[in-house]
$ cat query.txt   # compact mmCIF, C-alpha atoms and all ligand atoms
# COMPACT_ATOMS: atom_id res chain seq x y z
CA MET A 10 9.64 -3.17 -21.74
CA SER A 11 10.45 -3.19 -18.05
CA ASN A 12 10.46 -6.99 -17.86
CA ILE A 13 8.73 -6.77 -14.48
CA LYS A 14 6.47 -9.53 -13.19
CA LEU A 15 4.30 -8.82 -10.18
CA TYR A 16 2.79 -11.66 -8.18
CA ARG A 17 -0.30 -10.21 -6.55
CA HIS A 18 -3.91 -10.58 -5.53
CA PRO A 19 -6.52 -8.16 -6.88
CA LEU A 20 -7.96 -7.42 -3.41
CA SER A 21 -4.59 -7.08 -1.68
CA GLY A 22 -3.83 -3.52 -0.61
CA HIS A 23 -0.17 -4.46 -0.25
CA SER A 24 -0.17 -5.48 -3.91
CA HIS A 25 -2.04 -2.35 -4.90
CA ARG A 26 0.72 -0.18 -3.41
CA VAL A 27 3.10 -1.60 -6.00
CA GLU A 28 0.60 -1.60 -8.87
CA LEU A 29 -0.19 2.05 -8.14
CA PHE A 30 3.46 3.09 -8.14
CA LEU A 31 4.28 1.09 -11.29
CA SER A 32 1.42 2.87 -13.02
CA ILE A 33 2.54 6.32 -11.80
CA LEU A 34 6.08 5.60 -13.00
CA GLY A 35 4.65 4.47 -16.35
CA LEU A 36 6.21 1.00 -16.05
CA ASP A 37 4.60 -2.01 -17.71
CA ALA A 38 4.34 -5.13 -15.63
CA GLU A 39 2.92 -8.58 -16.09
CA LEU A 40 0.41 -9.07 -13.25
CA ILE A 41 0.25 -12.67 -12.04
CA ASN A 42 -2.62 -13.56 -9.72
CA VAL A 43 -1.75 -15.74 -6.73
CA ASP A 44 -4.71 -17.72 -5.43
CA LEU A 45 -4.60 -16.84 -1.73
CA LEU A 46 -7.92 -18.57 -0.99
CA GLN A 47 -6.48 -21.86 -2.30
CA GLY A 48 -3.18 -21.37 -0.41
CA GLU A 49 -1.01 -20.97 -3.51
CA HIS A 50 1.15 -18.49 -1.56
CA LYS A 51 2.24 -21.31 0.80
CA SER A 52 3.26 -23.67 -2.03
CA ASN A 53 6.93 -24.64 -2.26
CA ALA A 54 7.23 -22.81 -5.56
CA PHE A 55 5.93 -19.55 -4.08
CA LEU A 56 7.89 -19.89 -0.83
CA LYS A 57 11.03 -19.90 -2.98
CA LYS A 58 10.06 -16.40 -4.10
CA ASN A 59 9.11 -15.16 -0.61
CA ILE A 60 9.98 -17.13 2.51
CA PHE A 61 7.06 -15.41 4.28
CA GLY A 62 4.55 -16.75 1.76
CA GLN A 63 2.92 -13.40 1.02
CA VAL A 64 2.13 -11.20 -1.95
CA PRO A 65 3.35 -8.94 -3.46
CA VAL A 66 6.54 -10.29 -5.00
CA LEU A 67 8.31 -8.54 -7.85
CA GLU A 68 10.57 -10.35 -10.27
CA GLN A 69 12.76 -8.65 -12.84
CA GLY A 70 15.39 -10.74 -14.57
CA ASP A 71 17.34 -12.39 -11.77
CA ILE A 72 16.00 -9.99 -9.10
CA THR A 73 13.28 -11.26 -6.76
CA LEU A 74 11.91 -8.81 -4.19
CA ALA A 75 9.18 -9.28 -1.60
CA ASP A 76 7.49 -6.79 0.72
CA SER A 77 5.49 -3.87 -0.65
CA ASN A 78 7.55 -1.13 0.99
CA ALA A 79 10.84 -2.76 -0.03
CA ILE A 80 9.55 -2.94 -3.60
CA LEU A 81 8.52 0.74 -3.51
CA VAL A 82 12.02 1.65 -2.32
CA TYR A 83 13.52 -0.40 -5.17
CA LEU A 84 11.30 1.14 -7.84
CA ALA A 85 11.88 4.70 -6.62
CA SER A 86 15.66 4.19 -6.37
CA GLN A 87 15.86 2.48 -9.75
CA TYR A 88 13.48 4.55 -11.86
CA ASP A 89 12.92 7.99 -10.30
CA MET A 90 15.99 9.86 -11.45
CA GLU A 91 14.71 13.10 -9.88
CA HIS A 92 14.61 11.40 -6.45
CA THR A 93 11.33 13.06 -5.55
CA TRP A 94 9.41 9.89 -4.61
CA LEU A 95 12.22 8.86 -2.25
CA PRO A 96 14.53 11.80 -1.56
CA ILE A 97 18.22 11.16 -0.98
CA GLU A 98 18.67 14.01 1.52
CA PRO A 99 18.91 12.25 4.92
CA VAL A 100 16.20 14.11 6.86
CA LYS A 101 13.76 13.93 3.95
CA ALA A 102 14.50 10.22 3.43
CA ALA A 103 13.88 9.62 7.14
CA GLU A 104 10.54 11.49 6.97
CA VAL A 105 9.45 9.17 4.16
CA GLN A 106 10.60 6.12 6.15
CA ARG A 107 8.63 7.35 9.13
CA PHE A 108 5.40 7.09 7.15
CA LEU A 109 6.39 3.79 5.54
CA SER A 110 6.52 2.54 9.13
CA VAL A 111 3.00 3.85 9.69
CA ALA A 112 1.91 1.93 6.58
CA ALA A 113 3.49 -1.26 7.98
CA GLY A 114 2.26 -0.64 11.53
CA PRO A 115 -1.06 0.94 12.56
CA VAL A 116 -2.43 0.86 9.01
CA ILE A 117 -2.13 -2.93 9.13
CA SER A 118 -3.34 -3.45 12.70
CA GLY A 119 -6.13 -0.91 12.06
CA PRO A 120 -7.97 -0.48 8.74
CA ALA A 121 -6.32 -3.40 6.92
CA SER A 122 -7.19 -5.84 9.72
CA ALA A 123 -10.77 -4.55 9.98
CA ARG A 124 -11.15 -5.11 6.23
CA LEU A 125 -9.64 -8.60 6.47
CA VAL A 126 -12.36 -9.57 8.93
CA ASN A 127 -15.13 -8.47 6.54
CA LEU A 128 -13.59 -9.72 3.32
CA PHE A 129 -11.86 -12.93 4.28
CA GLY A 130 -13.45 -13.76 7.65
CA ALA A 131 -10.07 -13.33 9.39
CA GLN A 132 -10.16 -14.32 13.06
CA LEU A 133 -9.04 -10.91 14.32
CA ASP A 134 -10.50 -8.55 16.92
CA HIS A 135 -12.69 -6.39 14.68
CA VAL A 136 -13.62 -3.89 17.41
CA LYS A 137 -9.96 -3.35 18.36
CA ALA A 138 -8.96 -2.98 14.70
CA ILE A 139 -11.68 -0.36 14.14
CA GLU A 140 -10.54 1.54 17.25
CA THR A 141 -6.91 1.47 16.08
CA ALA A 142 -8.04 2.69 12.67
CA HIS A 143 -9.92 5.68 14.11
CA ASN A 144 -6.99 6.63 16.38
CA LEU A 145 -4.72 6.57 13.35
CA LEU A 146 -7.14 8.48 11.16
CA SER A 147 -7.58 11.30 13.66
CA THR A 148 -3.81 11.64 14.03
CA LEU A 149 -3.33 11.69 10.26
CA ASP A 150 -6.19 14.15 9.83
CA GLU A 151 -4.45 16.54 12.19
CA HIS A 152 -1.12 15.97 10.46
CA LEU A 153 -2.68 16.76 7.07
CA GLU A 154 -4.33 19.94 8.33
CA ASN A 155 -1.42 22.08 7.18
CA GLN A 156 0.27 19.96 4.56
CA LEU A 157 -0.63 18.46 1.23
CA TRP A 158 1.33 15.20 1.54
CA LEU A 159 2.42 12.92 4.37
CA ALA A 160 6.14 13.72 4.20
CA ASN A 161 8.15 16.75 3.12
CA ASN A 162 5.13 18.43 1.55
CA GLN A 163 5.66 16.55 -1.70
CA PRO A 164 4.27 13.26 -3.02
CA SER A 165 6.42 10.30 -2.05
CA ILE A 166 6.26 6.54 -1.71
CA ALA A 167 4.92 7.19 1.81
CA ASP A 168 1.68 8.48 0.26
CA ILE A 169 1.56 5.54 -2.15
CA SER A 170 2.08 3.02 0.63
CA ASN A 171 -0.57 4.46 2.92
CA TYR A 172 -3.18 4.98 0.23
CA PRO A 173 -4.82 1.58 -0.43
CA TYR A 174 -5.87 0.51 3.07
CA LEU A 175 -6.92 4.04 4.05
CA ALA A 176 -8.97 4.54 0.87
CA HIS A 177 -10.63 1.15 1.39
CA ALA A 178 -11.14 1.51 5.14
CA PRO A 179 -14.97 1.62 4.78
CA GLU A 180 -14.83 -2.01 3.57
CA GLY A 181 -13.79 -2.85 7.13
CA ASP A 182 -16.60 -0.73 8.64
CA VAL A 183 -14.23 2.16 9.29
CA SER A 184 -16.01 5.31 8.15
CA LEU A 185 -13.89 8.13 6.71
CA GLN A 186 -16.69 10.62 7.24
CA HIS A 187 -15.10 12.63 10.04
CA TYR A 188 -11.66 13.03 8.48
CA PRO A 189 -11.91 15.88 5.93
CA ASN A 190 -8.14 16.32 5.53
CA VAL A 191 -7.61 12.61 4.96
CA ASN A 192 -10.37 12.67 2.33
CA THR A 193 -8.77 15.62 0.54
CA TRP A 194 -5.41 13.87 0.64
CA LEU A 195 -6.97 10.70 -0.85
CA LYS A 196 -8.49 12.79 -3.67
CA ARG A 197 -5.12 14.46 -4.23
CA GLU A 198 -3.56 11.04 -4.73
CA GLU A 199 -6.35 10.02 -7.07
CA ALA A 200 -5.55 13.08 -9.20
CA LEU A 201 -1.88 12.08 -9.65
CA PRO A 202 -1.03 11.29 -13.28
CA GLY A 203 -1.04 7.51 -13.70
CA PHE A 204 -3.25 6.85 -10.68
CA THR A 205 -5.01 3.49 -10.84
CA ALA A 206 -7.66 2.29 -8.37
CA MET A 207 -7.79 -1.01 -6.52
CA GLN A 208 -10.88 -3.00 -7.34
CA SER A 209 -13.69 -2.64 -4.80
CA SER A 210 -14.26 -5.67 -2.71
CA PRO A 211 -17.35 -7.83 -2.62
CA VAL A 212 -17.86 -8.14 1.13
CA GLY A 213 -17.99 -11.64 2.56
CA LEU A 214 -15.65 -13.51 0.22
CA ALA A 215 -14.99 -16.00 2.96
CA ALA A 216 -18.66 -16.78 3.49
N1 LIG B 301 4.94 -6.89 4.85
C1 LIG B 301 4.32 -7.46 3.70
C2 LIG B 301 2.92 -7.96 4.05
C3 LIG B 301 2.23 -8.59 2.83
C4 LIG B 301 0.90 -9.22 3.18
O1 LIG B 301 0.46 -9.24 4.34
N2 LIG B 301 0.28 -9.78 2.14
C5 LIG B 301 -0.96 -10.46 2.33
C6 LIG B 301 -1.97 -10.08 1.26
S1 LIG B 301 -2.47 -8.39 1.46
C7 LIG B 301 -0.73 -11.95 2.21
O2 LIG B 301 -0.07 -12.39 1.29
N3 LIG B 301 -1.29 -12.69 3.15
C8 LIG B 301 -1.19 -14.11 3.19
C9 LIG B 301 -0.52 -14.58 4.43
O3 LIG B 301 0.06 -13.80 5.19
O4 LIG B 301 -0.58 -15.79 4.64
C10 LIG B 301 4.30 -6.44 2.58
O5 LIG B 301 4.34 -5.24 2.87
O6 LIG B 301 4.27 -6.82 1.40
$ encode --input "query.txt" --output "structure tokens"
Amino acid sequence: MSNIKLYRHPLSGHSHRVELFLSILGLDAELINVDLLQGEHKSNAFLKKNIFGQVPVLEQGDITLADSNAILVYLASQYDMEHTWLPIEPVKAAEVQRFLSVAAGPVISGPASARLVNLFGAQLDHVKAIETAHNLLSTLDEHLENQLWLANNQPSIADISNYPYLAHAPEGDVSLQHYPNVNTWLKREEALPGFTAMQSSPVGLAA
């Protein structure tokens, strides 16, 4: 037993990053739903776990960690003894970090934001988010033209982190139709042993 608890929401791509990696690593975890629609993430009890009041949060014994990418770094460093998911070699580690930054940057202002508008009625600029998403997707499609994975030509936590919001981009009205290399890369991830999908989202939850 890994003794891991994961505070999450079933439609949260940030949470799915961690759920996906736990599953690939073969680690059991107790999944605890946080009711974002009812504001449970802003309760005093939850703010003690994450001052930013966001899921995911991982607890393991006396360790409490927030932020999806930080949790991926922890899990890779703690459990991947081969150091393939997060290489130790400085240039390779930096390449992985580069794409973790993409997952925390344009992936969020692009496809994740466009999806938030449709799913939760977020007051964000949908048109701008869709444009950002397509700019990102065409850059990534070019990047993936000659390589199988985002960094170092091997699967890493960079691929895990970028997967959920790119795979679910159509839920934000961002079509993946014109990005063949991105589609092949998504399928490659889905073929990884231990892959688990995020649940599809009923559009208009906020309605
Ligand atoms: N940087 C954080 C962002 C997490 C995040 O934005 N979580 C969303 C759910 S997908 C959330 O909890 N939103 C509620 C809020 O920000 O109030 C991470 O990578 O975990």
$ residues_near_ligand --input "query.txt" --ligand "ligand LIG 301 (chain B)" --cutoff "9 Å" --atoms "only C-alpha atoms and all ligand atoms" --output "PyMOL selection string"
chain A and resi 17-18+20-26+43+45+48+50-51+61-66+75-80+112-113+117+121+125+170
$ closest_residue --input "query.txt" --among "A:Glu39, A:Phe129, A:Ser209, A:Leu146" --to "His187 (chain A)" --atoms "only C-alpha atoms"
A:Leu146
$ closest_residue --input "query.txt" --among "A:Phe204, A:Phe30, A:Trp194, A:Phe55" --to "Gln156 (chain A)" --atoms "only C-alpha atoms"
A:Trp194
$ residues_around --input "query.txt" --residues "Gln163 (chain A)" --least-positions-apart "3" --cutoff "12 Å" --atoms "only C-alpha atoms" --output "list in words"
His92, Thr93, Trp94, Leu95, Pro96, Lys101, Glu104, Val105, Gln156, Leu157, Trp158, Leu159, Ala160, Ile166, Ala167, Asp168, Ile169, Trp194, Arg197, Glu198 and Leu201 of chain A
$ atom_distance --input "query.txt" --atom1 "CA of Gly119 (chain A)" --atom2 "CA of Leu133 (chain A)"
10.7 Å
$ atom_distance --input "query.txt" --atom1 "CA of Leu175 (chain A)" --atom2 "CA of Pro115 (chain A)"
10.8 Å
$ closest_residue --input "query.txt" --among "A:Ala103, A:Leu84, A:Val126, A:Val191" --to "Leu31 (chain A)" --atoms "all atoms listed in the file"
A:Leu84
$ closest_residue --input "query.txt" --among "A:Ser86, A:Asp150, A:Lys14, A:Leu29" --to "Lys58 (chain A)" --atoms "all atoms listed in the file"
A:Lys14
$ closest_residue --input "query.txt" --among "A:Ile41, A:Leu34, A:Ala131, A:Ala102" --to "Met90 (chain A)" --atoms "all atoms listed in the file"
A:Leu34
$ closest_residue --input "query.txt" --among "A:Ser184, A:Pro19, A:Gly130, A:Gln106" --to "Leu81 (chain A)" --atoms "all atoms listed in the file"
A:Gln106
$ build_atoms --input "query.txt" --residues "region 172-197 of chain A" --atoms "N, CA, C and O atoms" --output "CSV table (one decimal), keeping the file's coordinate frame"
chain,number,residue,atom,x,y,z
A,172,TYR,N,-1.9,4.8,0.9
A,172,TYR,CA,-3.2,5.0,0.2
A,172,TYR,C,-4.2,3.8,0.3
A,172,TYR,O,-5.3,4.0,0.7
A,173,PRO,N,-3.8,2.6,-0.2
A,173,PRO,CA,-4.8,1.6,-0.4
A,173,PRO,C,-5.7,1.2,0.8
A,173,PRO,O,-6.9,1.2,0.7
A,174,TYR,N,-5.1,0.9,1.9
A,174,TYR,CA,-5.9,0.5,3.1
A,174,TYR,C,-6.6,1.7,3.7
A,174,TYR,O,-7.6,1.4,4.4
A,175,LEU,N,-6.2,2.9,3.5
A,175,LEU,CA,-6.9,4.0,4.0
A,175,LEU,C,-8.1,4.3,3.1
A,175,LEU,O,-9.2,4.5,3.6
A,176,ALA,N,-7.9,4.3,1.8
A,176,ALA,CA,-9.0,4.5,0.9
A,176,ALA,C,-10.1,3.5,1.0
A,176,ALA,O,-11.2,3.8,0.9
A,177,HIS,N,-9.7,2.3,1.3
A,177,HIS,CA,-10.6,1.2,1.4
A,177,HIS,C,-11.1,0.8,2.8
A,177,HIS,O,-11.7,-0.2,3.1
A,178,ALA,N,-10.8,1.7,3.7
A,178,ALA,CA,-11.1,1.5,5.1
A,178,ALA,C,-12.6,1.2,5.3
A,178,ALA,O,-13.0,0.4,6.1
A,179,PRO,N,-13.5,1.9,4.6
A,179,PRO,CA,-15.0,1.6,4.8
A,179,PRO,C,-15.3,0.1,4.6
A,179,PRO,O,-16.3,-0.3,5.1
A,180,GLU,N,-14.5,-0.6,3.8
A,180,GLU,CA,-14.8,-2.0,3.6
A,180,GLU,C,-14.6,-2.8,4.9
A,180,GLU,O,-15.1,-4.0,5.0
A,181,GLY,N,-14.0,-2.2,5.8
A,181,GLY,CA,-13.8,-2.8,7.1
A,181,GLY,C,-14.7,-2.2,8.2
A,181,GLY,O,-14.4,-2.4,9.4
A,182,ASP,N,-15.7,-1.5,7.7
A,182,ASP,CA,-16.6,-0.7,8.6
A,182,ASP,C,-15.9,0.4,9.4
A,182,ASP,O,-16.2,0.7,10.5
A,183,VAL,N,-14.9,1.0,8.7
A,183,VAL,CA,-14.2,2.2,9.3
A,183,VAL,C,-14.6,3.3,8.4
A,183,VAL,O,-14.2,3.5,7.3
A,184,SER,N,-15.5,4.2,8.9
A,184,SER,CA,-16.0,5.3,8.2
A,184,SER,C,-14.9,6.4,8.1
A,184,SER,O,-14.2,6.7,9.0
A,185,LEU,N,-14.9,7.0,6.9
A,185,LEU,CA,-13.9,8.1,6.7
A,185,LEU,C,-14.6,9.5,6.8
A,185,LEU,O,-14.0,10.5,6.6
A,186,GLN,N,-15.8,9.4,7.2
A,186,GLN,CA,-16.7,10.6,7.2
A,186,GLN,C,-16.1,11.8,8.0
A,186,GLN,O,-16.3,13.0,7.7
A,187,HIS,N,-15.5,11.5,9.2
A,187,HIS,CA,-15.1,12.6,10.0
A,187,HIS,C,-13.6,13.1,9.8
A,187,HIS,O,-13.1,13.7,10.7
A,188,TYR,N,-13.1,12.7,8.7
A,188,TYR,CA,-11.7,13.0,8.5
A,188,TYR,C,-11.5,13.8,7.2
A,188,TYR,O,-11.0,13.3,6.2
A,189,PRO,N,-11.9,15.1,7.2
A,189,PRO,CA,-11.9,15.9,5.9
A,189,PRO,C,-10.5,16.0,5.3
A,189,PRO,O,-10.4,15.9,4.1
A,190,ASN,N,-9.5,16.1,6.1
A,190,ASN,CA,-8.1,16.3,5.5
A,190,ASN,C,-7.6,15.0,4.9
A,190,ASN,O,-6.9,15.0,3.9
A,191,VAL,N,-8.0,13.9,5.5
A,191,VAL,CA,-7.6,12.6,5.0
A,191,VAL,C,-8.3,12.4,3.6
A,191,VAL,O,-7.7,12.0,2.6
A,192,ASN,N,-9.6,12.8,3.6
A,192,ASN,CA,-10.4,12.7,2.3
A,192,ASN,C,-9.8,13.5,1.2
A,192,ASN,O,-9.7,13.1,0.1
A,193,THR,N,-9.4,14.7,1.6
A,193,THR,CA,-8.8,15.6,0.5
A,193,THR,C,-7.4,15.0,0.1
A,193,THR,O,-7.1,15.1,-1.1
A,194,TRP,N,-6.7,14.5,1.0
A,194,TRP,CA,-5.4,13.9,0.6
A,194,TRP,C,-5.6,12.7,-0.3
A,194,TRP,O,-4.9,12.5,-1.3
A,195,LEU,N,-6.7,11.9,0.0
A,195,LEU,CA,-7.0,10.7,-0.8
A,195,LEU,C,-7.3,11.2,-2.3
A,195,LEU,O,-6.8,10.6,-3.3
A,196,LYS,N,-8.1,12.3,-2.3
A,196,LYS,CA,-8.5,12.8,-3.7
A,196,LYS,C,-7.3,13.3,-4.4
A,196,LYS,O,-7.1,13.2,-5.6
A,197,ARG,N,-6.4,13.9,-3.6
A,197,ARG,CA,-5.1,14.5,-4.2
A,197,ARG,C,-4.3,13.3,-4.9
A,197,ARG,O,-3.8,13.4,-5.9
